[in-house]
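Content type PDB, N, CA, C and O atoms, from the file start02.pdb:
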ATOM      1  N   VAL A 348     -43.247  -5.155  -0.090
ATOM      2  CA  VAL A 348     -43.012  -6.545   0.209
ATOM      3  C   VAL A 348     -41.653  -6.930  -0.381
ATOM      4  O   VAL A 348     -41.325  -6.557  -1.497
ATOM      5  N   GLY A 349     -40.865  -7.681   0.362
ATOM      6  CA  GLY A 349     -39.542  -8.084  -0.080
ATOM      7  C   GLY A 349     -39.475  -9.544  -0.456
ATOM      8  O   GLY A 349     -40.493 -10.206  -0.626
ATOM      9  N   GLU A 350     -38.253 -10.028  -0.597
ATOM     10  CA  GLU A 350     -38.024 -11.427  -0.935
ATOM     11  C   GLU A 350     -37.363 -12.126   0.236
ATOM     12  O   GLU A 350     -36.655 -11.510   1.015
ATOM     13  N   LEU A 351     -37.576 -13.416   0.338
ATOM     14  CA  LEU A 351     -36.951 -14.227   1.373
ATOM     15  C   LEU A 351     -35.846 -15.046   0.723
ATOM     16  O   LEU A 351     -36.055 -15.691  -0.302
ATOM     17  N   PHE A 352     -34.674 -15.011   1.306
ATOM     18  CA  PHE A 352     -33.536 -15.775   0.810
ATOM     19  C   PHE A 352     -33.100 -16.710   1.921
ATOM     20  O   PHE A 352     -32.814 -16.274   3.032
ATOM     21  N   ARG A 353     -33.076 -17.992   1.642
ATOM     22  CA  ARG A 353     -32.640 -18.973   2.638
ATOM     23  C   ARG A 353     -31.173 -19.284   2.389
ATOM     24  O   ARG A 353     -30.775 -19.695   1.301
ATOM     25  N   PHE A 354     -30.371 -19.114   3.411
ATOM     26  CA  PHE A 354     -28.933 -19.326   3.336
ATOM     27  C   PHE A 354     -28.598 -20.626   4.046
ATOM     28  O   PHE A 354     -28.722 -20.733   5.252
ATOM     29  N   ASN A 355     -28.233 -21.643   3.280
ATOM     30  CA  ASN A 355     -27.864 -22.943   3.845
ATOM     31  C   ASN A 355     -26.391 -23.206   3.581
ATOM     32  O   ASN A 355     -25.911 -22.988   2.477
ATOM     33  N   VAL A 356     -25.692 -23.677   4.581
ATOM     34  CA  VAL A 356     -24.293 -24.068   4.420
ATOM     35  C   VAL A 356     -24.192 -25.551   4.704
ATOM     36  O   VAL A 356     -25.028 -26.134   5.378
ATOM     37  N   SER A 357     -23.128 -26.171   4.184
ATOM     38  CA  SER A 357     -22.990 -27.620   4.309
ATOM     39  C   SER A 357     -22.642 -28.065   5.720
ATOM     40  O   SER A 357     -22.867 -29.205   6.087
ATOM     41  N   GLN A 358     -22.084 -27.177   6.521
ATOM     42  CA  GLN A 358     -21.751 -27.541   7.891
ATOM     43  C   GLN A 358     -22.414 -26.551   8.840
ATOM     44  O   GLN A 358     -22.636 -25.405   8.476
ATOM     45  N   PRO A 359     -22.764 -26.980  10.038
ATOM     46  CA  PRO A 359     -23.417 -26.073  10.973
ATOM     47  C   PRO A 359     -22.523 -24.873  11.300
ATOM     48  O   PRO A 359     -21.337 -25.021  11.531
ATOM     49  N   SER A 360     -23.089 -23.693  11.257
ATOM     50  CA  SER A 360     -22.370 -22.472  11.572
ATOM     51  C   SER A 360     -23.252 -21.577  12.418
ATOM     52  O   SER A 360     -24.472 -21.584  12.286
ATOM     53  N   ILE A 361     -22.635 -20.815  13.276
ATOM     54  CA  ILE A 361     -23.352 -19.816  14.049
ATOM     55  C   ILE A 361     -23.132 -18.481  13.363
ATOM     56  O   ILE A 361     -22.002 -18.034  13.198
ATOM     57  N   ILE A 362     -24.210 -17.844  12.923
ATOM     58  CA  ILE A 362     -24.119 -16.556  12.257
ATOM     59  C   ILE A 362     -23.872 -15.487  13.314
ATOM     60  O   ILE A 362     -24.634 -15.354  14.276
ATOM     61  N   ASN A 363     -22.797 -14.712  13.136
ATOM     62  CA  ASN A 363     -22.442 -13.665  14.096
ATOM     63  C   ASN A 363     -22.870 -12.281  13.634
ATOM     64  O   ASN A 363     -23.157 -11.429  14.447
ATOM     65  N   GLY A 364     -22.871 -12.043  12.331
ATOM     66  CA  GLY A 364     -23.210 -10.723  11.837
ATOM     67  C   GLY A 364     -23.540 -10.736  10.364
ATOM     68  O   GLY A 364     -23.104 -11.618   9.622
ATOM     69  N   ILE A 365     -24.342  -9.761   9.947
ATOM     70  CA  ILE A 365     -24.705  -9.587   8.540
ATOM     71  C   ILE A 365     -24.530  -8.122   8.201
ATOM     72  O   ILE A 365     -24.928  -7.247   8.977
ATOM     73  N   PHE A 366     -23.938  -7.835   7.050
ATOM     74  CA  PHE A 366     -23.704  -6.463   6.630
ATOM     75  C   PHE A 366     -23.953  -6.357   5.133
ATOM     76  O   PHE A 366     -23.544  -7.226   4.367
ATOM     77  N   HIS A 367     -24.625  -5.305   4.713
ATOM     78  CA  HIS A 367     -24.870  -5.046   3.297
ATOM     79  C   HIS A 367     -23.951  -3.911   2.865
ATOM     80  O   HIS A 367     -24.071  -2.789   3.359
ATOM     81  N   SER A 368     -23.012  -4.206   1.963
ATOM     82  CA  SER A 368     -22.046  -3.201   1.525
ATOM     83  C   SER A 368     -22.619  -2.341   0.405
ATOM     84  O   SER A 368     -23.642  -2.677  -0.198
ATOM     85  N   ALA A 369     -21.935  -1.238   0.131
ATOM     86  CA  ALA A 369     -22.399  -0.270  -0.871
ATOM     87  C   ALA A 369     -22.508  -0.878  -2.271
ATOM     88  O   ALA A 369     -23.289  -0.410  -3.093
ATOM     89  N   ASP A 370     -21.749  -1.942  -2.549
ATOM     90  CA  ASP A 370     -21.791  -2.569  -3.869
ATOM     91  C   ASP A 370     -22.931  -3.580  -4.007
ATOM     92  O   ASP A 370     -23.034  -4.292  -5.001
ATOM     93  N   GLY A 371     -23.807  -3.668  -3.001
ATOM     94  CA  GLY A 371     -24.976  -4.540  -3.071
ATOM     95  C   GLY A 371     -24.752  -5.950  -2.570
ATOM     96  O   GLY A 371     -25.671  -6.767  -2.569
ATOM     97  N   LYS A 372     -23.554  -6.270  -2.122
ATOM     98  CA  LYS A 372     -23.272  -7.608  -1.607
ATOM     99  C   LYS A 372     -23.636  -7.683  -0.132
ATOM    100  O   LYS A 372     -23.610  -6.684   0.576
ATOM    101  N   SER A 373     -23.969  -8.878   0.311
ATOM    102  CA  SER A 373     -24.223  -9.128   1.727
ATOM    103  C   SER A 373     -23.072  -9.965   2.265
ATOM    104  O   SER A 373     -22.663 -10.945   1.645
ATOM    105  N   TRP A 374     -22.555  -9.568   3.404
ATOM    106  CA  TRP A 374     -21.436 -10.242   4.049
ATOM    107  C   TRP A 374     -21.939 -10.880   5.323
ATOM    108  O   TRP A 374     -22.576 -10.230   6.141
ATOM    109  N   ILE A 375     -21.675 -12.162   5.486
ATOM    110  CA  ILE A 375     -22.145 -12.903   6.648
ATOM    111  C   ILE A 375     -20.942 -13.484   7.369
ATOM    112  O   ILE A 375     -20.151 -14.221   6.776
ATOM    113  N   THR A 376     -20.801 -13.119   8.629
ATOM    114  CA  THR A 376     -19.736 -13.705   9.438
ATOM    115  C   THR A 376     -20.339 -14.849  10.240
ATOM    116  O   THR A 376     -21.408 -14.732  10.820
ATOM    117  N   ALA A 377     -19.652 -15.959  10.220
ATOM    118  CA  ALA A 377     -20.060 -17.144  10.967
ATOM    119  C   ALA A 377     -18.834 -17.658  11.705
ATOM    120  O   ALA A 377     -17.729 -17.152  11.525
ATOM    121  N   ARG A 378     -19.028 -18.634  12.517
ATOM    122  CA  ARG A 378     -17.912 -19.176  13.301
ATOM    123  C   ARG A 378     -16.778 -19.612  12.372
ATOM    124  O   ARG A 378     -16.918 -20.576  11.631
ATOM    125  N   GLU A 379     -15.687 -18.852  12.395
ATOM    126  CA  GLU A 379     -14.470 -19.113  11.618
ATOM    127  C   GLU A 379     -14.690 -19.077  10.115
ATOM    128  O   GLU A 379     -13.886 -19.618   9.356
ATOM    129  N   ASP A 380     -15.770 -18.460   9.645
ATOM    130  CA  ASP A 380     -16.054 -18.367   8.219
ATOM    131  C   ASP A 380     -16.560 -16.979   7.866
ATOM    132  O   ASP A 380     -17.100 -16.263   8.703
ATOM    133  N   LEU A 381     -16.380 -16.636   6.611
ATOM    134  CA  LEU A 381     -16.915 -15.399   6.061
ATOM    135  C   LEU A 381     -17.551 -15.757   4.733
ATOM    136  O   LEU A 381     -16.939 -16.422   3.894
ATOM    137  N   TYR A 382     -18.798 -15.352   4.557
ATOM    138  CA  TYR A 382     -19.530 -15.616   3.323
ATOM    139  C   TYR A 382     -19.883 -14.292   2.672
ATOM    140  O   TYR A 382     -20.226 -13.339   3.354
ATOM    141  N   VAL A 383     -19.802 -14.259   1.348
ATOM    142  CA  VAL A 383     -20.277 -13.098   0.609
ATOM    143  C   VAL A 383     -21.418 -13.582  -0.285
ATOM    144  O   VAL A 383     -21.298 -14.585  -0.984
ATOM    145  N   VAL A 384     -22.554 -12.883  -0.206
ATOM    146  CA  VAL A 384     -23.750 -13.264  -0.951
ATOM    147  C   VAL A 384     -24.036 -12.182  -1.973
ATOM    148  O   VAL A 384     -24.088 -10.992  -1.649
ATOM    149  N   GLU A 385     -24.198 -12.602  -3.221
ATOM    150  CA  GLU A 385     -24.546 -11.689  -4.300
ATOM    151  C   GLU A 385     -25.676 -12.334  -5.086
ATOM    152  O   GLU A 385     -25.494 -13.378  -5.702
ATOM    153  N   GLY A 386     -26.861 -11.727  -5.007
ATOM    154  CA  GLY A 386     -28.027 -12.343  -5.630
ATOM    155  C   GLY A 386     -28.361 -13.634  -4.913
ATOM    156  O   GLY A 386     -28.481 -13.653  -3.691
ATOM    157  N   GLU A 387     -28.483 -14.707  -5.656
ATOM    158  CA  GLU A 387     -28.770 -16.011  -5.057
ATOM    159  C   GLU A 387     -27.523 -16.877  -4.920
ATOM    160  O   GLU A 387     -27.610 -18.045  -4.572
ATOM    161  N   ASN A 388     -26.357 -16.313  -5.199
ATOM    162  CA  ASN A 388     -25.105 -17.056  -5.120
ATOM    163  C   ASN A 388     -24.299 -16.599  -3.906
ATOM    164  O   ASN A 388     -24.323 -15.431  -3.546
ATOM    165  N   TYR A 389     -23.591 -17.534  -3.305
ATOM    166  CA  TYR A 389     -22.698 -17.156  -2.214
ATOM    167  C   TYR A 389     -21.361 -17.863  -2.367
ATOM    168  O   TYR A 389     -21.239 -18.882  -3.033
ATOM    169  N   GLN A 390     -20.356 -17.268  -1.733
ATOM    170  CA  GLN A 390     -19.013 -17.832  -1.752
ATOM    171  C   GLN A 390     -18.469 -17.791  -0.337
ATOM    172  O   GLN A 390     -18.646 -16.807   0.388
ATOM    173  N   ARG A 391     -17.828 -18.856   0.063
ATOM    174  CA  ARG A 391     -17.181 -18.932   1.373
ATOM    175  C   ARG A 391     -15.736 -18.476   1.215
ATOM    176  O   ARG A 391     -15.003 -19.006   0.377
ATOM    177  N   LEU A 392     -15.346 -17.493   2.004
ATOM    178  CA  LEU A 392     -13.987 -16.964   1.955
ATOM    179  C   LEU A 392     -13.232 -17.421   3.192
ATOM    180  O   LEU A 392     -13.764 -17.432   4.285
ATOM    181  N   ARG A 393     -11.973 -17.771   2.989
ATOM    182  CA  ARG A 393     -11.136 -18.200   4.107
ATOM    183  C   ARG A 393      -9.779 -17.560   3.976
ATOM    184  O   ARG A 393      -9.249 -17.416   2.894
ATOM    185  N   ASP A 394      -9.211 -17.202   5.080
ATOM    186  CA  ASP A 394      -7.858 -16.664   5.145
ATOM    187  C   ASP A 394      -6.935 -17.806   5.571
ATOM    188  O   ASP A 394      -7.335 -18.671   6.354
ATOM    189  N   THR A 395      -5.703 -17.824   5.078
ATOM    190  CA  THR A 395      -4.792 -18.916   5.432
ATOM    191  C   THR A 395      -4.514 -18.961   6.925
ATOM    192  O   THR A 395      -4.240 -20.012   7.474
ATOM    193  N   SER A 396      -4.589 -17.829   7.609
ATOM    194  CA  SER A 396      -4.349 -17.827   9.048
ATOM    195  C   SER A 396      -5.622 -18.089   9.841
ATOM    196  O   SER A 396      -5.594 -18.188  11.055
ATOM    197  N   GLY A 397      -6.760 -18.198   9.156
ATOM    198  CA  GLY A 397      -8.027 -18.485   9.831
ATOM    199  C   GLY A 397      -8.747 -17.221  10.255
ATOM    200  O   GLY A 397      -8.138 -16.236  10.622
ATOM    201  N   ILE A 398     -10.057 -17.244  10.191
ATOM    202  CA  ILE A 398     -10.877 -16.125  10.618
ATOM    203  C   ILE A 398     -11.280 -16.384  12.059
ATOM    204  O   ILE A 398     -11.765 -17.468  12.388
ATOM    205  N   PRO A 399     -11.082 -15.421  12.959
ATOM    206  CA  PRO A 399     -11.425 -15.646  14.362
ATOM    207  C   PRO A 399     -12.891 -16.053  14.543
ATOM    208  O   PRO A 399     -13.769 -15.603  13.813
ATOM    209  N   ALA A 400     -13.143 -16.863  15.537
ATOM    210  CA  ALA A 400     -14.483 -17.402  15.763
ATOM    211  C   ALA A 400     -15.487 -16.335  16.193
ATOM    212  O   ALA A 400     -16.672 -16.483  15.971
ATOM    213  N   LEU A 401     -15.031 -15.262  16.797
ATOM    214  CA  LEU A 401     -15.944 -14.271  17.336
ATOM    215  C   LEU A 401     -16.004 -13.000  16.498
ATOM    216  O   LEU A 401     -16.078 -11.905  17.023
ATOM    217  N   THR A 402     -15.962 -13.132  15.190
ATOM    218  CA  THR A 402     -16.100 -11.981  14.312
ATOM    219  C   THR A 402     -17.561 -11.554  14.304
ATOM    220  O   THR A 402     -18.440 -12.348  14.013
ATOM    221  N   SER A 403     -17.817 -10.288  14.641
ATOM    222  CA  SER A 403     -19.221  -9.876  14.722
ATOM    223  C   SER A 403     -19.479  -8.537  14.041
ATOM    224  O   SER A 403     -20.289  -8.458  13.141
ATOM    225  N   ARG A 404     -18.838  -7.495  14.437
ATOM    226  CA  ARG A 404     -19.109  -6.177  13.877
ATOM    227  C   ARG A 404     -18.456  -6.012  12.520
ATOM    228  O   ARG A 404     -17.326  -6.432  12.311
ATOM    229  N   ILE A 405     -19.191  -5.368  11.589
ATOM    230  CA  ILE A 405     -18.686  -5.135  10.246
ATOM    231  C   ILE A 405     -18.928  -3.674   9.890
ATOM    232  O   ILE A 405     -19.995  -3.135  10.167
ATOM    233  N   ALA A 406     -17.928  -3.029   9.277
ATOM    234  CA  ALA A 406     -18.073  -1.646   8.820
ATOM    235  C   ALA A 406     -17.352  -1.495   7.490
ATOM    236  O   ALA A 406     -16.425  -2.248   7.172
ATOM    237  N   GLU A 407     -17.759  -0.515   6.702
ATOM    238  CA  GLU A 407     -17.156  -0.254   5.398
ATOM    239  C   GLU A 407     -16.495   1.119   5.448
ATOM    240  O   GLU A 407     -17.085   2.089   5.925
ATOM    241  N   ASP A 408     -15.243   1.204   4.964
ATOM    242  CA  ASP A 408     -14.578   2.503   4.956
ATOM    243  C   ASP A 408     -14.809   3.221   3.622
ATOM    244  O   ASP A 408     -15.508   2.710   2.744
ATOM    245  N   LEU A 409     -14.248   4.406   3.466
ATOM    246  CA  LEU A 409     -14.487   5.214   2.270
ATOM    247  C   LEU A 409     -13.921   4.596   0.993
ATOM    248  O   LEU A 409     -14.351   4.929  -0.100
ATOM    249  N   ASN A 410     -12.971   3.677   1.121
ATOM    250  CA  ASN A 410     -12.391   2.993  -0.038
ATOM    251  C   ASN A 410     -13.189   1.760  -0.445
ATOM    252  O   ASN A 410     -12.835   1.071  -1.389
ATOM    253  N   GLY A 411     -14.236   1.429   0.314
ATOM    254  CA  GLY A 411     -15.020   0.230   0.028
ATOM    255  C   GLY A 411     -14.459  -1.016   0.669
ATOM    256  O   GLY A 411     -14.969  -2.118   0.465
ATOM    257  N   ASP A 412     -13.382  -0.878   1.453
ATOM    258  CA  ASP A 412     -12.831  -2.019   2.184
ATOM    259  C   ASP A 412     -13.699  -2.289   3.404
ATOM    260  O   ASP A 412     -14.309  -1.376   3.965
ATOM    261  N   LEU A 413     -13.771  -3.530   3.814
ATOM    262  CA  LEU A 413     -14.586  -3.913   4.956
ATOM    263  C   LEU A 413     -13.704  -4.198   6.160
ATOM    264  O   LEU A 413     -12.619  -4.771   6.033
ATOM    265  N   TRP A 414     -14.182  -3.815   7.332
ATOM    266  CA  TRP A 414     -13.501  -4.057   8.594
ATOM    267  C   TRP A 414     -14.372  -4.956   9.449
ATOM    268  O   TRP A 414     -15.567  -4.715   9.588
ATOM    269  N   PHE A 415     -13.780  -6.006  10.011
ATOM    270  CA  PHE A 415     -14.484  -6.963  10.850
ATOM    271  C   PHE A 415     -13.910  -6.879  12.261
ATOM    272  O   PHE A 415     -12.705  -7.019  12.451
ATOM    273  N   GLY A 416     -14.792  -6.640  13.228
ATOM    274  CA  GLY A 416     -14.358  -6.562  14.617
ATOM    275  C   GLY A 416     -14.223  -7.937  15.232
ATOM    276  O   GLY A 416     -15.104  -8.781  15.102
ATOM    277  N   THR A 417     -13.115  -8.175  15.862
ATOM    278  CA  THR A 417     -12.845  -9.433  16.565
ATOM    279  C   THR A 417     -12.215  -9.034  17.890
ATOM    280  O   THR A 417     -12.475  -7.953  18.387
ATOM    281  N   SER A 418     -11.329  -9.838  18.412
ATOM    282  CA  SER A 418     -10.547  -9.403  19.568
ATOM    283  C   SER A 418      -9.540  -8.342  19.120
ATOM    284  O   SER A 418      -8.946  -7.656  19.926
ATOM    285  N   GLY A 419      -9.377  -8.204  17.815
ATOM    286  CA  GLY A 419      -8.598  -7.152  17.172
ATOM    287  C   GLY A 419      -9.425  -6.636  16.014
ATOM    288  O   GLY A 419     -10.603  -6.348  16.174
ATOM    289  N   ALA A 420      -8.836  -6.556  14.842
ATOM    290  CA  ALA A 420      -9.579  -6.134  13.654
ATOM    291  C   ALA A 420      -9.028  -6.847  12.432
ATOM    292  O   ALA A 420      -7.837  -7.132  12.344
ATOM    293  N   ILE A 421      -9.904  -7.153  11.493
ATOM    294  CA  ILE A 421      -9.520  -7.731  10.211
ATOM    295  C   ILE A 421     -10.036  -6.796   9.126
ATOM    296  O   ILE A 421     -11.190  -6.387   9.160
ATOM    297  N   LYS A 422      -9.164  -6.455   8.203
ATOM    298  CA  LYS A 422      -9.560  -5.600   7.085
ATOM    299  C   LYS A 422      -9.615  -6.446   5.824
ATOM    300  O   LYS A 422      -8.655  -7.125   5.481
ATOM    301  N   PHE A 423     -10.753  -6.411   5.125
ATOM    302  CA  PHE A 423     -10.897  -7.142   3.872
ATOM    303  C   PHE A 423     -10.702  -6.166   2.725
ATOM    304  O   PHE A 423     -11.456  -5.212   2.572
ATOM    305  N   VAL A 424      -9.665  -6.408   1.941
ATOM    306  CA  VAL A 424      -9.412  -5.616   0.736
ATOM    307  C   VAL A 424      -9.538  -6.548  -0.455
ATOM    308  O   VAL A 424      -9.538  -7.762  -0.309
ATOM    309  N   ARG A 425      -9.661  -6.023  -1.644
ATOM    310  CA  ARG A 425      -9.867  -6.858  -2.838
ATOM    311  C   ARG A 425      -8.749  -7.871  -3.028
ATOM    312  O   ARG A 425      -8.933  -8.901  -3.642
ATOM    313  N   ARG A 426      -7.560  -7.609  -2.503
ATOM    314  CA  ARG A 426      -6.429  -8.529  -2.647
ATOM    315  C   ARG A 426      -6.449  -9.651  -1.608
ATOM    316  O   ARG A 426      -5.706 -10.590  -1.708
ATOM    317  N   GLY A 427      -7.299  -9.522  -0.562
ATOM    318  CA  GLY A 427      -7.342 -10.566   0.464
ATOM    319  C   GLY A 427      -7.552  -9.982   1.836
ATOM    320  O   GLY A 427      -7.889  -8.826   1.992
ATOM    321  N   LEU A 428      -7.336 -10.788   2.869
ATOM    322  CA  LEU A 428      -7.564 -10.370   4.238
ATOM    323  C   LEU A 428      -6.278  -9.891   4.870
ATOM    324  O   LEU A 428      -5.206 -10.431   4.641
ATOM    325  N   THR A 429      -6.391  -8.871   5.705
ATOM    326  CA  THR A 429      -5.257  -8.348   6.452
ATOM    327  C   THR A 429      -5.657  -8.281   7.914
ATOM    328  O   THR A 429      -6.713  -7.766   8.238
ATOM    329  N   THR A 430      -4.835  -8.801   8.799
ATOM    330  CA  THR A 430      -5.139  -8.773  10.237
ATOM    331  C   THR A 430      -4.309  -7.696  10.914
ATOM    332  O   THR A 430      -3.129  -7.543  10.613
ATOM    333  N   PHE A 431      -4.945  -6.943  11.821
ATOM    334  CA  PHE A 431      -4.249  -5.905  12.577
ATOM    335  C   PHE A 431      -4.296  -6.242  14.047
ATOM    336  O   PHE A 431      -5.222  -6.831  14.527
TER     337      PHE A 431
END

Now, as a test, write the supplied structure out as structure tokens.
Amino acid sequence: VGELFRFNVSQPSIINGIFHSADGKSWITAREDLYVVEGENYQRLRDTSGIPALTSRIAEDLNGDLWFGTSGAIKFVRRGLTTF
């Protein structure tokens, strides 16, 4: 039996994807937003150029960096977001 975690945000968002990374964090892509959930705490991450609205697929590479599929690709590294 597991636990139920309710994720509420202050503004309506459409959840596009959920990914659990090797470090135990959960990454949630929503319309123009990216959330990282650790335990019962979450943080909303934003890039100065904006996160595309249709971010859905998420993958982790061997370095622990995350890749988000959009009409292109966004790579999340510890220093911030990089768009390709």

Q: List the residues selected by the PyMOL selection byres ((chain A and resi 386) around 7) in the file shown, writing them as a ChimeraX atom specification.
A: /A:371-373,384-385,387-389

Q: Go ahead and find all residues with at least one atom no further than 9 Å from (-15.2, -22.9, 2.5) in the file's coordinates, using only C-alpha atoms; report them as a list in words.
A: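 Residues close enough to count: Asp380, Leu381, Tyr382, Gln390, Arg391, Leu392 and Arg393 of chain A.
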
Q: Take atom O of Leu413 in chain A and CA of His367 in chain A and report the distance between them in Å, one decimal.
A: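 These atoms are spaced 12.6 Å apart.
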
(Q) Please list as a ChimeraX atom specification every residue within 7 Å of Ala406 in chain A, counting all atoms listed in the file and excluding residues in the same chain fewer than 2 positions away. (A) /A:404,408,411-416,421

Just N, CA, C and O atoms for this one: save the residues we selected as a PDB file, keeping the file's coordinate frame.
ATOM      1  N   ARG A 404     -18.838  -7.495  14.437  1.00  0.00           N
ATOM      2  CA  ARG A 404     -19.109  -6.177  13.877  1.00  0.00           C
ATOM      3  C   ARG A 404     -18.456  -6.012  12.520  1.00  0.00           C
ATOM      4  O   ARG A 404     -17.326  -6.432  12.311  1.00  0.00           O
ATOM      5  N   ASP A 408     -15.243   1.204   4.964  1.00  0.00           N
ATOM      6  CA  ASP A 408     -14.578   2.503   4.956  1.00  0.00           C
ATOM      7  C   ASP A 408     -14.809   3.221   3.622  1.00  0.00           C
ATOM      8  O   ASP A 408     -15.508   2.710   2.744  1.00  0.00           O
ATOM      9  N   GLY A 411     -14.236   1.429   0.314  1.00  0.00           N
ATOM     10  CA  GLY A 411     -15.020   0.230   0.028  1.00  0.00           C
ATOM     11  C   GLY A 411     -14.459  -1.016   0.669  1.00  0.00           C
ATOM     12  O   GLY A 411     -14.969  -2.118   0.465  1.00  0.00           O
ATOM     13  N   ASP A 412     -13.382  -0.878   1.453  1.00  0.00           N
ATOM     14  CA  ASP A 412     -12.831  -2.019   2.184  1.00  0.00           C
ATOM     15  C   ASP A 412     -13.699  -2.289   3.404  1.00  0.00           C
ATOM     16  O   ASP A 412     -14.309  -1.376   3.965  1.00  0.00           O
ATOM     17  N   LEU A 413     -13.771  -3.530   3.814  1.00  0.00           N
ATOM     18  CA  LEU A 413     -14.586  -3.913   4.956  1.00  0.00           C
ATOM     19  C   LEU A 413     -13.704  -4.198   6.160  1.00  0.00           C
ATOM     20  O   LEU A 413     -12.619  -4.771   6.033  1.00  0.00           O
ATOM     21  N   TRP A 414     -14.182  -3.815   7.332  1.00  0.00           N
ATOM     22  CA  TRP A 414     -13.501  -4.057   8.594  1.00  0.00           C
ATOM     23  C   TRP A 414     -14.372  -4.956   9.449  1.00  0.00           C
ATOM     24  O   TRP A 414     -15.567  -4.715   9.588  1.00  0.00           O
ATOM     25  N   PHE A 415     -13.780  -6.006  10.011  1.00  0.00           N
ATOM     26  CA  PHE A 415     -14.484  -6.963  10.850  1.00  0.00           C
ATOM     27  C   PHE A 415     -13.910  -6.879  12.261  1.00  0.00           C
ATOM     28  O   PHE A 415     -12.705  -7.019  12.451  1.00  0.00           O
ATOM     29  N   GLY A 416     -14.792  -6.640  13.228  1.00  0.00           N
ATOM     30  CA  GLY A 416     -14.358  -6.562  14.617  1.00  0.00           C
ATOM     31  C   GLY A 416     -14.223  -7.937  15.232  1.00  0.00           C
ATOM     32  O   GLY A 416     -15.104  -8.781  15.102  1.00  0.00           O
ATOM     33  N   ILE A 421      -9.904  -7.153  11.493  1.00  0.00           N
ATOM     34  CA  ILE A 421      -9.520  -7.731  10.211  1.00  0.00           C
ATOM     35  C   ILE A 421     -10.036  -6.796   9.126  1.00  0.00           C
ATOM     36  O   ILE A 421     -11.190  -6.387   9.160  1.00  0.00           O
TER      37      ILE A 421
END

Q | atom O of Asp370 in chain A to CA of Ile405 in chain A, straight-line distance in Å | A | 15.9 Å

Q: Enter the distance from atom C of Thr376 in chain A to atom C of Thr417 in chain A, in Å, rounded to one decimal.
A: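 Separation of atom C of Thr376 in chain A and atom C of Thr417 in chain A: 12.6 Å.
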
**Q.** Picked residues, the PyMOL selection byres ((chain A and resi 377) around 5), expected as an NGL selection string
**A.** :A and (361-363 or 375-376 or 378-381 or 399-400)

Axis-aligned box over every listed atom of range 371-388 of chain A, padded by 6 Å per side: centre and edges in Å to one decimal, as AutoDock Vina command-line options?
--center_x -21.3 --center_y -12.1 --center_z 3.8 --size_x 26.9 --size_y 28.9 --size_z 31.0
